[in-house]
Structure formats: C-alpha cells, structure tokens
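Source file: start00.tsv. Holds: TSV, C-alpha atoms.
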```tsv
chain	number	residue	atom	x	y	z
A	1	MET	CA	85.83	-54.76	179.27
A	2	PRO	CA	82.84	-52.47	179.05
A	3	THR	CA	81.05	-52.61	175.76
A	4	ASP	CA	80.22	-49.34	173.87
A	5	VAL	CA	76.51	-49.13	173.20
A	6	LYS	CA	75.52	-47.40	169.95
A	7	HIS	CA	71.93	-46.12	169.82
A	8	GLU	CA	70.60	-46.28	166.30
A	9	GLU	CA	67.26	-45.04	165.06
A	10	GLY	CA	64.73	-47.72	165.60
A	11	ASN	CA	66.50	-49.30	168.62
A	12	ASP	CA	65.91	-46.70	171.34
A	13	PRO	CA	62.40	-45.19	171.71
A	14	GLU	CA	63.72	-42.09	173.55
A	15	VAL	CA	66.16	-41.29	170.77
A	16	ASN	CA	63.46	-41.74	168.16
A	17	ARG	CA	61.17	-39.30	170.01
A	18	ASN	CA	63.94	-36.66	170.21
A	19	LEU	CA	64.75	-37.02	166.52
A	20	ALA	CA	61.09	-36.72	165.56
A	21	SER	CA	60.64	-33.61	167.74
A	22	PHE	CA	63.72	-31.95	166.24
A	23	GLY	CA	62.60	-32.73	162.71
A	24	SER	CA	59.13	-31.32	163.39
A	25	ARG	CA	60.55	-28.06	164.78
A	26	ARG	CA	62.90	-27.75	161.79
A	27	VAL	CA	60.10	-28.24	159.27
A	28	SER	CA	57.91	-25.74	161.13
A	29	HIS	CA	60.71	-23.14	161.16
A	30	GLN	CA	61.35	-23.59	157.42
A	31	SER	CA	57.65	-23.25	156.72
A	32	GLU	CA	57.40	-19.99	158.68
A	33	THR	CA	60.48	-18.57	156.96
A	34	ARG	CA	59.12	-19.48	153.52
A	35	SER	CA	55.77	-17.94	154.44
A	36	ARG	CA	57.39	-14.63	155.43
A	37	LEU	CA	59.51	-14.45	152.29
A	38	PHE	CA	57.02	-15.60	149.70
A	39	SER	CA	53.63	-14.59	151.04
A	40	PRO	CA	51.51	-12.84	148.36
A	41	PRO	CA	51.12	-9.05	148.58
A	42	PRO	CA	47.92	-7.69	150.11
A	43	PRO	CA	45.08	-7.36	147.61
A	44	ARG	CA	44.90	-4.01	145.84
A	45	PRO	CA	41.78	-2.01	146.60
A	46	SER	CA	39.22	-1.62	143.86
A	47	SER	CA	39.25	1.55	141.79
A	48	SER	CA	36.21	2.84	143.64
A	49	ALA	CA	37.84	2.17	147.00
A	50	SER	CA	41.05	3.84	145.83
A	51	ALA	CA	39.09	6.83	144.65
A	52	ALA	CA	37.32	7.13	147.97
A	53	ALA	CA	40.57	6.82	149.90
A	54	MET	CA	42.36	9.38	147.75
A	55	SER	CA	39.38	11.68	147.95
A	56	ASP	CA	39.27	11.40	151.72
A	57	HIS	CA	42.97	12.17	152.05
A	58	HIS	CA	42.69	15.10	149.69
A	59	ARG	CA	39.83	16.64	151.61
A	60	HIS	CA	41.04	16.33	155.15
A	61	GLY	CA	44.69	15.34	155.48
A	62	ARG	CA	46.07	14.07	158.75
A	63	GLY	CA	44.56	14.83	162.10
A	64	CYS	CA	41.42	16.36	160.70
A	65	GLY	CA	38.96	14.61	163.01
A	66	CYS	CA	36.05	16.34	161.31
A	67	GLY	CA	34.26	13.25	160.08
A	68	GLY	CA	33.72	14.93	156.69
A	69	ALA	CA	31.16	17.41	157.97
A	70	HIS	CA	32.86	20.52	156.58
A	71	GLU	CA	34.02	19.05	153.25
A	72	PRO	CA	31.13	20.21	151.00
A	73	ALA	CA	31.33	23.76	152.31
A	74	GLU	CA	35.10	23.93	151.78
A	75	ARG	CA	34.92	22.57	148.27
A	76	GLY	CA	32.05	24.89	147.51
A	77	VAL	CA	34.18	27.87	148.53
A	78	GLU	CA	37.17	26.68	146.50
A	79	TYR	CA	35.02	26.25	143.41
A	80	GLY	CA	33.10	29.46	143.93
A	81	LEU	CA	34.55	31.44	141.02
A	82	TYR	CA	31.31	30.88	139.08
A	83	ARG	CA	29.87	33.64	141.29
A	84	ARG	CA	32.54	36.02	139.95
A	85	ILE	CA	31.52	35.55	136.33
A	86	ASP	CA	29.70	38.39	134.58
A	87	ALA	CA	26.96	35.98	133.49
A	88	ASP	CA	25.11	38.48	131.29
A	89	LYS	CA	28.20	38.83	129.10
A	90	LEU	CA	29.22	35.16	129.06
A	91	GLN	CA	29.20	33.67	125.57
A	92	CYS	CA	29.20	30.07	124.37
A	93	LEU	CA	29.80	29.63	120.66
A	94	ASN	CA	28.26	26.67	118.81
A	95	GLU	CA	25.79	25.86	121.59
A	96	SER	CA	22.70	24.06	120.30
A	97	ARG	CA	20.35	26.23	122.37
A	98	GLU	CA	21.09	29.84	123.18
A	99	GLY	CA	21.97	30.52	126.79
A	100	ASP	CA	22.73	26.92	127.79
A	101	GLY	CA	26.45	27.61	128.07
A	102	ARG	CA	25.83	29.65	131.22
A	103	LEU	CA	24.13	26.71	132.94
A	104	VAL	CA	27.28	24.62	133.40
A	105	PHE	CA	28.91	27.21	135.69
A	106	LYS	CA	26.99	26.32	138.83
A	107	PRO	CA	27.49	25.65	142.54
A	108	TRP	CA	29.66	22.74	143.64
A	109	ASP	CA	26.74	20.88	145.21
A	110	GLU	CA	24.85	21.04	141.89
A	111	ARG	CA	27.65	19.57	139.79
A	112	HIS	CA	25.77	16.24	139.42
A	113	ASP	CA	22.60	17.94	138.19
A	114	ARG	CA	21.76	16.43	134.78
A	115	ASP	CA	18.93	18.86	134.00
A	116	LYS	CA	21.29	21.73	133.21
A	117	PHE	CA	23.84	21.17	130.44
A	118	VAL	CA	25.12	22.54	127.16
A	119	GLU	CA	25.42	20.57	123.94
A	120	SER	CA	27.28	21.56	120.80
A	121	ASP	CA	25.40	22.17	117.58
A	122	ALA	CA	27.17	21.82	114.22
A	123	ASP	CA	30.12	19.71	115.39
A	124	GLU	CA	31.95	18.69	118.56
A	125	GLU	CA	33.55	22.09	119.33
A	126	LEU	CA	32.47	24.59	121.98
A	127	LEU	CA	34.05	27.92	122.85
A	128	PHE	CA	33.28	29.68	126.14
A	129	ASN	CA	34.10	33.37	126.56
A	130	ILE	CA	34.00	34.04	130.30
A	131	PRO	CA	34.37	37.61	131.63
A	132	PHE	CA	34.97	38.08	135.34
A	133	THR	CA	33.86	41.03	137.45
A	134	GLY	CA	37.39	41.42	138.82
A	135	SER	CA	40.82	39.82	138.60
A	136	VAL	CA	41.20	36.07	139.05
A	137	LYS	CA	44.11	33.79	139.83
A	138	LEU	CA	43.03	30.51	138.24
A	139	LYS	CA	44.40	27.38	139.92
A	140	GLY	CA	42.36	24.46	138.62
A	141	VAL	CA	39.61	23.36	136.25
A	142	ILE	CA	37.09	20.51	136.31
A	143	VAL	CA	35.16	19.49	133.19
A	144	SER	CA	32.37	16.93	133.55
A	145	GLY	CA	30.24	15.41	130.82
A	146	GLU	CA	28.38	12.27	129.89
A	147	ASP	CA	30.08	8.90	130.32
A	148	ASP	CA	30.18	8.28	126.56
A	149	ASP	CA	31.83	9.59	123.39
A	150	SER	CA	30.21	13.01	123.80
A	151	HIS	CA	32.46	13.81	126.78
A	152	PRO	CA	35.10	16.49	126.07
A	153	ALA	CA	38.51	15.00	125.33
A	154	GLU	CA	40.61	18.17	125.08
A	155	ILE	CA	40.41	21.74	126.31
A	156	ARG	CA	42.57	24.76	125.48
A	157	LEU	CA	42.71	27.77	127.81
A	158	TYR	CA	43.25	31.38	126.74
A	159	LYS	CA	43.29	34.48	128.91
A	160	ASN	CA	42.30	38.10	128.33
A	161	ILE	CA	41.07	37.78	124.74
A	162	PRO	CA	37.53	39.22	124.82
A	163	GLN	CA	35.08	38.23	122.09
A	164	MET	CA	37.27	35.33	121.01
A	165	SER	CA	36.00	33.40	117.98
A	166	PHE	CA	36.82	30.02	116.47
A	167	ASP	CA	39.10	31.83	114.02
A	168	ASP	CA	41.25	32.84	116.99
A	169	THR	CA	41.72	29.29	118.29
A	170	GLY	CA	44.61	28.75	115.89
A	171	ARG	CA	46.87	30.75	118.21
A	172	GLU	CA	48.83	29.06	120.95
A	173	PRO	CA	46.86	28.66	124.20
A	174	GLU	CA	48.22	29.44	127.62
A	175	GLN	CA	47.69	25.79	128.52
A	176	ALA	CA	46.00	22.72	127.05
A	177	PHE	CA	44.78	19.50	128.64
A	178	ARG	CA	43.88	16.06	127.38
A	179	LEU	CA	40.90	15.00	129.45
A	180	ASN	CA	39.63	11.75	130.90
A	181	ARG	CA	35.95	10.91	131.03
A	182	ASP	CA	34.70	12.32	134.31
A	183	PRO	CA	30.91	12.01	134.71
A	184	ASP	CA	31.20	12.42	138.49
A	185	ALA	CA	33.22	15.67	138.38
A	186	GLN	CA	36.12	14.21	140.36
A	187	LEU	CA	39.19	15.16	138.31
A	188	GLU	CA	40.90	18.50	138.65
A	189	TYR	CA	43.33	19.77	136.04
A	190	PRO	CA	45.81	22.14	137.75
A	191	THR	CA	46.87	25.21	135.83
A	192	LYS	CA	50.25	26.90	135.60
A	193	ILE	CA	49.38	29.58	138.14
A	194	ALA	CA	52.07	31.97	136.92
A	195	ARG	CA	50.29	32.13	133.57
A	196	PHE	CA	46.84	32.63	135.11
A	197	SER	CA	47.57	35.06	137.93
A	198	ASN	CA	45.86	38.12	136.42
A	199	VAL	CA	42.85	36.91	134.48
A	200	CYS	CA	39.97	39.24	133.71
A	201	HIS	CA	38.65	37.15	130.83
A	202	LEU	CA	38.98	33.40	130.31
A	203	SER	CA	38.27	31.48	127.12
A	204	ILE	CA	37.82	27.70	127.19
A	205	HIS	CA	37.95	25.95	123.83
A	206	ILE	CA	36.68	22.38	123.78
A	207	SER	CA	38.40	21.25	120.62
A	208	LYS	CA	37.39	17.58	120.51
A	209	ASN	CA	35.49	14.84	122.26
A	210	PHE	CA	35.89	11.05	122.34
A	211	GLY	CA	34.32	10.52	118.93
A	212	GLY	CA	30.72	11.66	119.31
A	213	GLU	CA	28.95	13.82	116.75
A	214	THR	CA	28.27	16.45	119.41
A	215	THR	CA	29.76	17.37	122.79
A	216	ARG	CA	27.78	17.56	126.01
A	217	VAL	CA	28.98	19.30	129.19
A	218	TYR	CA	27.23	19.24	132.57
A	219	TYR	CA	29.67	21.10	134.77
A	220	ILE	CA	32.75	23.32	134.50
A	221	GLY	CA	34.35	24.14	137.83
A	222	LEU	CA	36.87	26.92	138.26
A	223	ARG	CA	39.08	27.01	141.36
A	224	GLY	CA	41.14	30.03	142.31
A	225	GLU	CA	41.34	33.39	144.01
A	226	TYR	CA	39.40	36.54	143.24
A	227	SER	CA	40.32	40.18	143.65
A	228	GLU	CA	37.45	42.62	143.45
A	229	ALA	CA	37.80	45.63	141.20
A	230	ARG	CA	37.13	48.72	143.34
A	231	ARG	CA	36.28	52.23	142.22
A	232	HIS	CA	39.48	53.70	143.60
A	233	GLN	CA	41.54	50.88	142.13
A	234	VAL	CA	42.04	49.91	138.53
A	235	THR	CA	42.41	46.23	137.79
A	236	ILE	CA	45.10	45.97	135.17
A	237	CYS	CA	44.61	43.22	132.60
A	238	ASN	CA	46.86	42.88	129.59
A	239	TYR	CA	44.64	42.18	126.62
A	240	GLU	CA	46.13	40.95	123.39
A	241	ALA	CA	45.35	42.37	119.99
A	242	SER	CA	47.50	39.73	118.32
A	243	ALA	CA	49.44	36.82	119.68
A	244	ASN	CA	53.19	36.69	119.99
A	245	PRO	CA	54.15	33.01	119.53
A	246	ALA	CA	57.21	33.48	121.73
A	247	ASP	CA	54.95	34.32	124.67
A	248	HIS	CA	52.86	31.19	124.38
A	249	LYS	CA	54.10	27.67	124.86
A	250	ALA	CA	51.21	25.24	124.82
A	251	GLU	CA	51.45	22.25	127.08
A	252	SER	CA	49.31	19.19	126.61
A	253	VAL	CA	48.97	17.59	130.00
A	254	VAL	CA	47.61	14.27	131.22
A	255	PRO	CA	47.26	15.24	134.88
A	256	PRO	CA	47.73	12.98	137.88
A	257	THR	CA	44.26	11.82	138.93
A	258	ASN	CA	43.17	14.12	141.77
A	259	PHE	CA	39.93	12.97	143.26
A	260	VAL	CA	38.00	15.81	144.77
A	261	ALA	CA	34.60	14.43	145.16
```

Please rewrite the model in this file as structure tokens.
Amino acid sequence: MPTDVKHEEGNDPEVNRNLASFGSRRVSHQSETRSRLFSPPPPRPSSSASAAAMSDHHRHGRGCGCGGAHEPAERGVEYGLYRRIDADKLQCLNESREGDGRLVFKPWDERHDRDKFVESDADEELLFNIPFTGSVKLKGVIVSGEDDDSHPAEIRLYKNIPQMSFDDTGREPEQAFRLNRDPDAQLEYPTKIARFSNVCHLSIHISKNFGGETTRVYYIGLRGEYSEARRHQVTICNYEASANPADHKAESVVPPTNFVA
C-alpha cells in the first residue's frame, strides 16, 4: 500500500522556501497598504510661501506666461486713483505736521517708501477728506502702517460729505473695516461697490489703532474706476446735509486675506 507523505514545515526545504516567499510578499503588501492609508499629509507651506503663491495667482491667473514682467504696471494702473484726487483741497484732520496727509496717497511702486508718512497728533484718530476731480467707483482700499501698535486697526468710509469733521463721525458710515497689520501693503479691503459707485468725495476715518498713543500711516491705496467730469456733462453727486440712519448700515468686515504685492 502506498504511504501518504505529509510535508510539514521544517521537513521539506522547498516547502519552507515557498512559505517564506509568500509570507514576505504578504508583509510587503500590508506595509504598502498601510503606507498609502496612513502616510502623513504633505507639509504646509510657510506663511511667506503661501503669501507669495497667493500673490502670484492673484496677479496672473492661469495661462499667463508673462513671468511677472507686467505685474507692477497693472497694479499701478489699478491703484492709480491717487492721480484723480484734488490734492490742493485734500484735508487730513489731527495730523501732527500740516500737509503730511497728502503724502500717503502715492504711486503703487512707492508704497514701501518710509520717508513719506502721516502721524496723528493729539490721539490715535485721523480723518481724511478726499475730493476727486470727477466721479469714482471705489472697489478696494489698502492701508499700510508700521508693524507695531501705531498701525491703524479700524477705518470707516463715508462718501460725498465735504468738509467732514470729527463731530460728523458719529453718523453711520457706508462701510467699516477692522484691519490687520500690513506693513508691506499686501491686504486689500474690498468695498460694497453698489454703495461707492458715484463718489465725488471720500472721507476715511481712522478711528483706532492697535494700542499706540499715535497712529502712523505710510500708504493708502484706492482701487477703482474714474469718470472725468467734462464741461458739457455734469457729474451728479448726492451730497448729504444730514444723515438718514435708514440709508446707512455699517458693516464691520474682517476681509479674506488678498495678497496683492
């Protein structure tokens, strides 16, 4: 009678080699599966890298292929409303030195200039009365100061109220923003365009800073569209003698961080 031969581990070298090979492949497969499921996420870029990436995307978008060559010129055009300000009639209340308030409305490529600035005098508040030479549709604002407690922390925007004083700041603004420190002039605060579509005069009230005794501002950028007032056309601006609270709903906004540098 033939005898059944049972191959047990340890008796047959060929069987042992097959078992070992199978076990090795199984362990390798489990290791790969675990690696795919539980591998750590890719490292997050640093804040500076994120800022650069967001800035790059904002400037060019997809398929630009420009290599960044035209970016300064484009941004300079977008923030060119300073050229539409009637500078001789611009006022800055509570400035420590007369005439300094005009210096912060300057070209885009001079926004990092630290030689031209305005600083408040008696307290942290500043009030800019900005007349334009035509009609403006205001779309965005940048406010840049020192990287310390003197940086503006809140601004309130009013339109078409010439010769506005601090006594008038008790009325509801068209829009208000809580600011972040922005020494590099990178953050834009977008306006409600429907409320700022026919602006002949803009008032910017800096109501507080981050705790400093005085407020310092290096750059205020205004982005928007300009319509020139012609002799045969009359630019219609609705000026207010007194405010109607029903027409003004202030909004305090912490904007999404839009890097525009």

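Minimum atom-to-atom distances from A:Lys137, A:His151, A:Arg84, A:Arg97 to Phe210 in chain A were compared using only C-alpha atoms, and the lowest value belongs to A:His151.
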
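Ranking A:Cys92, A:Ala87, A:Leu81, A:Val104 by their shortest atom-to-atom distance to Ile220 in chain A, with all atoms listed in the file included, puts A:Val104 first.
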
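What separates CA of Lys116 in chain A from CA of Val136 in chain A is a distance of 25.2 Å.
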
Query raised in the report: Which is closer to Tyr79 in chain A than all the others in A:Ile206, A:Val217, A:Ile161, A:Leu138, using only C-alpha atoms?
Result: A:Leu138

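Straight-line separation from CA of Pro183 in chain A to CA of Pro131 in chain A: 26.0 Å.
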
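Comparing A:Gly224, A:Gly99, A:Gly80, A:Gly145 by their smallest distance to Asn180 in chain A, the closest is A:Gly145 (using only C-alpha atoms).
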
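Closest approach to Leu179 in chain A among A:Ser150, A:Thr191, A:Ser165, A:Asn209: A:Asn209, based on all atoms listed in the file.
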
Report summary line: CA of Tyr218 in chain A to CA of Val141 in chain A measures 13.6 Å

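Minimum atom-to-atom distance to Asn198 in chain A, evaluated using all atoms listed in the file, belongs to A:Tyr226 out of A:Phe128, A:Phe117, A:Tyr226, A:Phe105.
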
**Report entry** Protein, DNA and RNA residues within 10 Å of (28.1, 24.0, 147.8), all atoms listed in the file, as a PyMOL selection string
**Finding:** chain A and resi 71-80+106-111

Query raised in the report: Near Glu228 in chain A, counting only C-alpha atoms, which residues have an atom at most 8 Å away, once you skip same-chain residues fewer than 3 positions from it, shown as a PyMOL selection string?
Result: chain A and resi 133-135

**Report entry** Contacts of Glu124 in chain A within 12 Å, all atoms listed in the file, excl. fewer than 6 positions in-chain, as number ranges by chain
**Finding:** A: 93-96, 118, 149-155, 205-217
